[in-house]
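File shown: input.txt (compact mmCIF, C-alpha atoms).
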```txt
# COMPACT_ATOMS: atom_id res chain seq x y z
CA MET A 261 81.78 34.78 29.59
CA ILE A 262 79.74 37.51 31.31
CA GLU A 263 76.02 38.06 30.73
CA ILE A 264 74.07 41.03 32.06
CA LYS A 265 70.35 40.66 31.44
CA ASN A 266 67.70 43.33 32.09
CA VAL A 267 69.43 44.70 35.20
CA TYR A 268 67.79 47.44 37.25
CA LYS A 269 69.38 49.40 40.12
CA SER A 270 68.21 52.54 41.94
CA PHE A 271 69.66 54.72 44.68
CA ASN A 272 67.28 56.84 46.72
CA SER A 273 64.55 56.40 44.09
CA LYS A 274 66.91 57.51 41.29
CA LYS A 275 67.13 54.88 38.56
CA VAL A 276 70.78 54.37 37.63
CA LEU A 277 70.50 51.10 35.70
CA ASN A 278 67.20 50.83 33.90
CA GLY A 279 67.18 47.46 32.16
CA VAL A 280 70.82 47.01 31.11
CA THR A 281 71.52 44.06 28.85
CA LEU A 282 75.09 43.37 27.74
CA SER A 283 77.34 40.39 27.05
CA ILE A 284 81.13 40.15 27.16
CA LYS A 285 82.86 37.31 25.33
CA LYS A 286 85.90 35.52 26.71
CA GLY A 287 89.07 37.33 25.65
CA GLU A 288 87.18 40.40 24.43
CA THR A 289 87.90 44.03 25.29
CA LYS A 290 84.54 45.70 25.79
CA VAL A 291 84.53 49.47 26.31
CA ILE A 292 81.48 51.04 27.95
CA ILE A 293 81.13 54.75 27.20
CA GLY A 294 78.78 57.35 28.61
CA ARG A 295 78.65 60.63 30.48
CA SER A 296 80.03 60.99 34.00
CA GLY A 297 77.48 59.73 36.51
CA CYS A 298 75.53 57.61 34.03
CA GLY A 299 76.12 54.36 35.93
CA LYS A 300 79.25 52.90 34.30
CA SER A 301 81.07 52.28 37.59
CA VAL A 302 77.86 50.95 39.15
CA LEU A 303 77.72 48.39 36.35
CA LEU A 304 81.30 47.27 37.10
CA LYS A 305 80.37 46.78 40.77
CA HIS A 306 77.51 44.51 39.71
CA ILE A 307 79.91 42.41 37.62
CA MET A 308 82.16 41.96 40.66
CA GLY A 309 79.23 41.17 42.94
CA ILE A 310 79.84 44.23 45.15
CA LEU A 311 76.33 45.41 44.29
CA HIS A 312 73.32 43.26 43.47
CA PRO A 313 70.53 44.20 41.05
CA GLU A 314 67.00 44.91 42.20
CA SER A 315 65.95 42.74 39.28
CA GLY A 316 67.67 41.10 36.38
CA VAL A 317 70.66 38.75 36.30
CA VAL A 318 74.43 39.09 36.18
CA SER A 319 76.06 35.76 35.39
CA VAL A 320 79.63 34.59 34.87
CA GLU A 321 80.12 31.44 32.81
CA GLY A 322 76.45 30.65 33.15
CA LYS A 323 76.02 31.09 36.91
CA GLY A 324 74.22 34.04 38.44
CA ILE A 325 76.38 36.01 40.86
CA GLU A 326 73.49 36.44 43.31
CA GLN A 327 73.20 32.62 43.49
CA MET A 328 76.84 32.14 44.49
CA THR A 329 77.88 31.26 48.02
CA THR A 330 80.35 33.53 49.82
CA LYS A 331 83.12 31.03 49.02
CA GLU A 332 82.19 30.95 45.34
CA LEU A 333 82.00 34.73 45.19
CA ASN A 334 85.41 35.13 46.82
CA SER A 335 86.83 32.60 44.37
CA LEU A 336 85.29 34.54 41.47
CA ARG A 337 86.78 37.81 42.71
CA MET A 338 90.25 36.23 42.76
CA ARG A 339 89.76 35.56 39.03
CA MET A 340 88.94 39.23 38.49
CA ALA A 341 90.93 42.39 39.10
CA MET A 342 89.90 46.02 39.28
CA VAL A 343 91.94 49.03 38.19
CA PHE A 344 90.39 51.96 40.04
CA GLN A 345 90.03 55.42 38.57
CA GLY A 346 92.52 57.11 40.89
CA GLY A 347 94.75 54.08 41.31
CA ALA A 348 93.57 53.58 44.92
CA LEU A 349 97.08 52.82 46.18
CA PHE A 350 97.65 52.58 49.93
CA ASP A 351 99.82 55.58 50.85
CA SER A 352 101.40 53.82 53.84
CA LEU A 353 102.56 50.78 51.81
CA THR A 354 105.45 50.51 49.39
CA VAL A 355 104.81 49.91 45.69
CA GLY A 356 105.69 46.24 46.17
CA GLU A 357 103.32 45.86 49.10
CA ASN A 358 100.57 47.55 47.10
CA VAL A 359 101.06 45.32 44.06
CA GLY A 360 101.17 42.11 46.11
CA PHE A 361 98.44 43.13 48.57
CA ALA A 362 95.77 40.62 47.50
CA LEU A 363 98.26 37.75 47.45
CA TYR A 364 99.74 38.65 50.85
CA GLU A 365 96.23 38.77 52.34
CA TYR A 366 94.42 35.92 50.62
CA SER A 367 96.83 33.48 48.96
CA LYS A 368 98.91 30.65 50.37
CA LEU A 369 101.99 31.62 48.36
CA SER A 370 105.25 32.20 50.24
CA HIS A 371 106.59 35.74 50.56
CA GLN A 372 109.36 34.86 48.12
CA GLU A 373 106.85 33.62 45.55
CA ILE A 374 104.75 36.76 45.98
CA ASP A 375 107.80 38.99 45.67
CA GLU A 376 108.66 37.27 42.39
CA ARG A 377 105.09 37.77 41.14
CA VAL A 378 105.26 41.44 42.17
CA GLU A 379 108.45 42.06 40.22
CA GLU A 380 107.07 40.20 37.20
CA ALA A 381 103.91 42.35 37.29
CA LEU A 382 105.91 45.57 37.60
CA CYS A 383 108.11 44.57 34.68
CA ASN A 384 105.00 43.88 32.60
CA VAL A 385 104.04 47.54 33.03
CA GLU A 386 107.62 48.71 32.36
CA LEU A 387 108.39 49.60 35.99
CA CYS A 388 110.99 47.00 36.95
CA GLY A 389 112.80 47.57 40.23
CA ILE A 390 110.60 50.24 41.84
CA HIS A 391 109.04 47.98 44.49
CA LYS A 392 110.67 49.88 47.40
CA LEU A 393 109.32 53.28 46.39
CA MET A 394 106.32 54.86 48.13
CA PRO A 395 103.25 56.04 46.19
CA SER A 396 104.14 59.66 47.06
CA GLU A 397 107.31 59.26 45.00
CA LEU A 398 105.42 58.31 41.84
CA SER A 399 104.08 60.45 39.00
CA GLY A 400 100.43 60.20 38.00
CA GLY A 401 101.27 57.94 35.08
CA MET A 402 103.40 55.66 37.26
CA LYS A 403 100.55 55.33 39.76
CA LYS A 404 98.26 54.21 36.93
CA ARG A 405 100.81 51.59 35.88
CA VAL A 406 101.29 50.37 39.45
CA ALA A 407 97.50 49.98 39.76
CA ILE A 408 97.53 47.87 36.59
CA ALA A 409 100.47 45.84 37.95
CA ARG A 410 98.45 45.14 41.11
CA ALA A 411 95.66 43.81 38.92
CA LEU A 412 98.06 41.63 36.93
CA CYS A 413 99.71 40.21 40.05
CA VAL A 414 96.78 37.87 40.77
CA LYS A 415 96.92 36.61 37.16
CA PRO A 416 93.24 37.35 36.54
CA GLU A 417 91.01 36.11 33.76
CA VAL A 418 89.06 39.39 33.78
CA ILE A 419 90.36 42.94 34.31
CA LEU A 420 87.95 45.81 34.89
CA TYR A 421 89.25 49.33 34.25
CA ASP A 422 87.44 52.36 35.70
CA GLU A 423 88.40 55.48 33.68
CA PRO A 424 92.05 54.40 33.20
CA THR A 425 93.17 57.61 31.44
CA THR A 426 91.46 60.17 33.67
CA GLY A 427 93.75 62.74 35.25
CA VAL A 428 96.85 62.26 33.10
CA ASP A 429 98.25 64.22 30.17
CA PRO A 430 97.54 63.11 26.56
CA ILE A 431 100.96 61.50 26.08
CA THR A 432 100.66 59.48 29.30
CA ALA A 433 97.09 58.57 28.35
CA GLY A 434 98.37 57.29 25.01
CA SER A 435 100.97 55.12 26.73
CA ILE A 436 98.32 53.72 29.09
CA ASN A 437 96.15 52.85 26.09
CA GLU A 438 99.09 51.09 24.43
CA LEU A 439 99.75 49.18 27.65
CA ILE A 440 96.12 48.02 28.00
CA ARG A 441 96.10 46.81 24.40
CA HIS A 442 99.49 45.10 24.81
CA LEU A 443 98.46 43.30 28.00
CA HIS A 444 95.24 42.13 26.38
CA ASP A 445 97.13 40.68 23.43
CA LYS A 446 99.84 39.12 25.63
CA PHE A 447 97.68 37.51 28.31
CA LYS A 448 94.39 37.07 26.40
CA VAL A 449 92.44 38.44 29.36
CA THR A 450 88.85 39.57 29.13
CA SER A 451 88.84 43.34 29.64
CA ILE A 452 85.97 45.65 30.52
CA VAL A 453 86.79 49.35 30.35
CA VAL A 454 84.51 52.23 31.33
CA THR A 455 85.48 55.64 30.00
CA HIS A 456 84.30 58.88 28.41
CA ASP A 457 87.66 59.28 26.63
CA MET A 458 86.76 58.47 23.04
CA LYS A 459 90.37 58.44 21.81
CA SER A 460 91.09 55.74 24.37
CA ALA A 461 87.90 53.84 23.51
CA TYR A 462 88.69 53.72 19.79
CA HIS A 463 92.25 52.55 20.44
CA ILE A 464 91.65 49.67 22.83
CA ALA A 465 88.14 48.36 22.10
CA ASP A 466 87.04 45.25 20.29
CA LYS A 467 83.48 46.46 20.85
CA ILE A 468 82.08 49.71 22.26
CA ALA A 469 78.72 49.97 24.05
CA MET A 470 77.08 53.24 25.10
CA LEU A 471 75.19 53.53 28.37
CA TYR A 472 72.54 56.27 28.40
CA GLN A 473 69.61 56.78 30.77
CA GLY A 474 70.31 53.40 32.34
CA LYS A 475 70.27 51.37 29.12
CA ILE A 476 72.72 50.23 26.47
CA ILE A 477 71.52 52.23 23.46
CA ALA A 478 74.19 51.25 20.90
CA GLU A 479 76.95 48.69 20.48
CA GLY A 480 79.48 47.98 17.74
CA SER A 481 83.07 48.14 16.60
CA SER A 482 85.04 51.40 16.81
CA GLN A 483 84.29 52.05 13.14
CA GLU A 484 80.59 51.28 13.51
CA ILE A 485 80.30 53.65 16.47
CA GLN A 486 82.14 56.42 14.62
CA GLU A 487 79.82 56.01 11.63
CA THR A 488 76.64 55.98 13.74
CA ASP A 489 73.55 57.96 12.82
CA HIS A 490 72.11 57.58 16.36
CA PRO A 491 71.66 61.20 17.49
CA VAL A 492 72.59 60.60 21.15
CA VAL A 493 75.70 58.57 20.32
CA TYR A 494 76.72 61.08 17.64
CA GLN A 495 76.47 64.00 20.07
CA PHE A 496 78.47 62.21 22.75
CA ILE A 497 81.33 60.86 20.66
CA ASN A 498 81.79 64.15 18.83
CA GLY A 499 81.40 66.39 21.86
CA VAL A 500 78.65 68.45 20.26
CA ALA A 501 77.24 71.10 22.62
CA HIS A 502 73.65 70.95 21.35
CA GLY A 503 71.64 67.78 20.84
CA PRO A 504 69.29 65.29 22.50
CA ILE A 505 71.52 64.78 25.55
CA THR A 506 71.67 68.47 26.49
CA GLU A 507 68.02 69.01 25.54
CA THR A 508 67.08 66.32 28.08
CA ILE A 509 69.26 67.94 30.74
CA ASP A 510 67.80 71.40 30.04
CA LYS A 511 64.32 70.13 30.89
CA PHE A 512 65.42 69.59 34.50
CA ILE A 513 67.18 72.96 34.92
```
What do you get writing this file as structure tokens?
Amino acid sequence: MIEIKNVYKSFNSKKVLNGVTLSIKKGETKVIIGRSGCGKSVLLKHIMGILHPESGVVSVEGKGIEQMTTKELNSLRMRMAMVFQGGALFDSLTVGENVGFALYEYSKLSHQEIDERVEEALCNVELCGIHKLMPSELSGGMKKRVAIARALCVKPEVILYDEPTTGVDPITAGSINELIRHLHDKFKVTSIVVTHDMKSAYHIADKIAMLYQGKIIAEGSSQEIQETDHPVVYQFINGVAHGPITETIDKFI
């Protein structure tokens, strides 16, 4: 469904993506792992067409995003939904207004139809009936679920998750992982998840790909990644203090 071919992107002469090649099949949950700041979120922004590569191609169903008209790009974005790392809820809006925001702004549905979609989305994340609450009244885990409900409300074909378990306790993280897996199985959506939480990655992934120094250096099932003999991947997934990753960093200190 999504093809990323030899994509390069730099910021202020710093290479962030250095020839990334990756494909995501329709209905697949692809987890992209890597250290903080390695370019995982930048890659998501390329998939959504928020950023464009300096070279290389990002295509959805065979058409390059950079070739799309503004109308086509807006239409594509309505088929995708993003779950931001911190939830990114609007503090001044109720939960219901947050969840239905994209539909209120960009759809032709009536308010009653949107309200019904909002409640359906909240129930799908086990938060029925909280649409009148404000974000300040929610726990961290509830905010994560509301952010996922907002993504579901547009009935997307693709959901992109940016560090979905960051900032919550292990039990809440486990419930978020269960929810992501459940929603994937229920709605058959294509999911792309970026994370450095290996417990989460193993639980939800169909395939895991590791981004390192701007390239995908390994890809496989959870079991294949856990059994890897690649020294960089081994150090990262096992949290080993000494290895090729830290040796590379030490050269610049």
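The nearest approach to Gly299 in chain A among the residues A:Phe447, A:Phe271, A:Tyr366, A:Tyr462, with only C-alpha atoms taken into account, belongs to A:Phe271.
Restricting the calculation to all atoms listed in the file, the smallest distance between Pro504 in chain A and any of A:Asn384, A:Gln473, A:Thr425, A:Gln372 is found for A:Gln473.
Take CA of Pro416 in chain A and CA of Ala469 in chain A: the distance between them is 22.9 Å.
Note that CA of Ala381 in chain A and CA of Ala409 in chain A are 4.9 Å apart.
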TODO: Mind checking which residues fall within 12 Å of Tyr268 in chain A, counting only C-alpha atoms, ignoring those fewer than 3 positions away in the same chain, and posting them as a ChimeraX atom specification?
DONE: /A:264-265,271,273-281,299,302-303,306,311-318,473-475
Open item on the list: Counting all atoms listed in the file, which residues sit no farther than 7 Å from the position (80.8, 45.4, 23.7) in the file's frame? I'd like them as an NGL selection string.
Closed with: :A and (283-284 or 290-291 or 467-469 or 479-480)
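Taking CA of Asp445 in chain A as the reference point, CA of Arg377 in chain A is found at 19.6 Å.
Each of A:Met402, A:Lys285, A:Gln483, A:Thr329 was checked against Leu349 in chain A using only C-alpha atoms; the smallest atom-to-atom distance is that of A:Met402.
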- [ ] Determine, counting only C-alpha atoms, every residue of protein, DNA or RNA that lies within 10 Å of (74.6, 51.0, 20.9) in the file coordinates, then give the result as number ranges by chain.
- [x] A: 292-293, 467-472, 475-481, 484-485, 488, 490, 492-493
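With only C-alpha atoms as the atoms that count, the residue of A:Leu336, A:Ile452, A:Ile464, A:Ile374 with the shortest distance to Glu438 in chain A is A:Ile464.
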Task: Who sits within 10 Å of Lys459 in chain A, all atoms listed in the file, same chain under 2 positions skipped, as a PyMOL selection string - done: chain A and resi 430+433-434+437+455-457+461-464+497
Take every atom of range 272-288 of chain A listed in the file, fit an axis-aligned box around them, add 4 Å per side, and give the centre and edge lengths in Å to one decimal as AutoDock Vina command-line options.
```
--center_x 76.8 --center_y 46.5 --center_z 35.6 --size_x 32.5 --size_y 30.0 --size_z 30.3
```
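Non-sequential neighbours of Pro424 in chain A (distance at most 10 Å, separation of 5 or more positions within a chain, only C-alpha atoms) are Val343, Phe344, Gln345, Gly346, Gly347, Lys404, Arg405, Ala407, Ile408, Ala433, Ile436, Asn437, Ile440, Val453, Val454, Thr455, Asp457 and Ser460 of chain A.
With only C-alpha atoms as the atoms that count, the minimum distance from Lys323 in chain A to the choices A:Glu263, A:Gly360, A:Thr354, A:Ser396 is reached by A:Glu263.
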Open item on the list: Considering all atoms listed in the file, can you say which of A:Gly287, A:Gly400, A:Pro395, A:Pro491 comes closest to Val449 in chain A?
Closed with: A:Gly287
Open item on the list: Need to verify the contact set: Val355 in chain A, 9 Å, all atoms listed in the file, exclusion of same-chain residues closer than 2 positions in sequence. Can you return it as a ChimeraX atom specification?
Closed with: /A:349-350,353,357-360,390-395,406
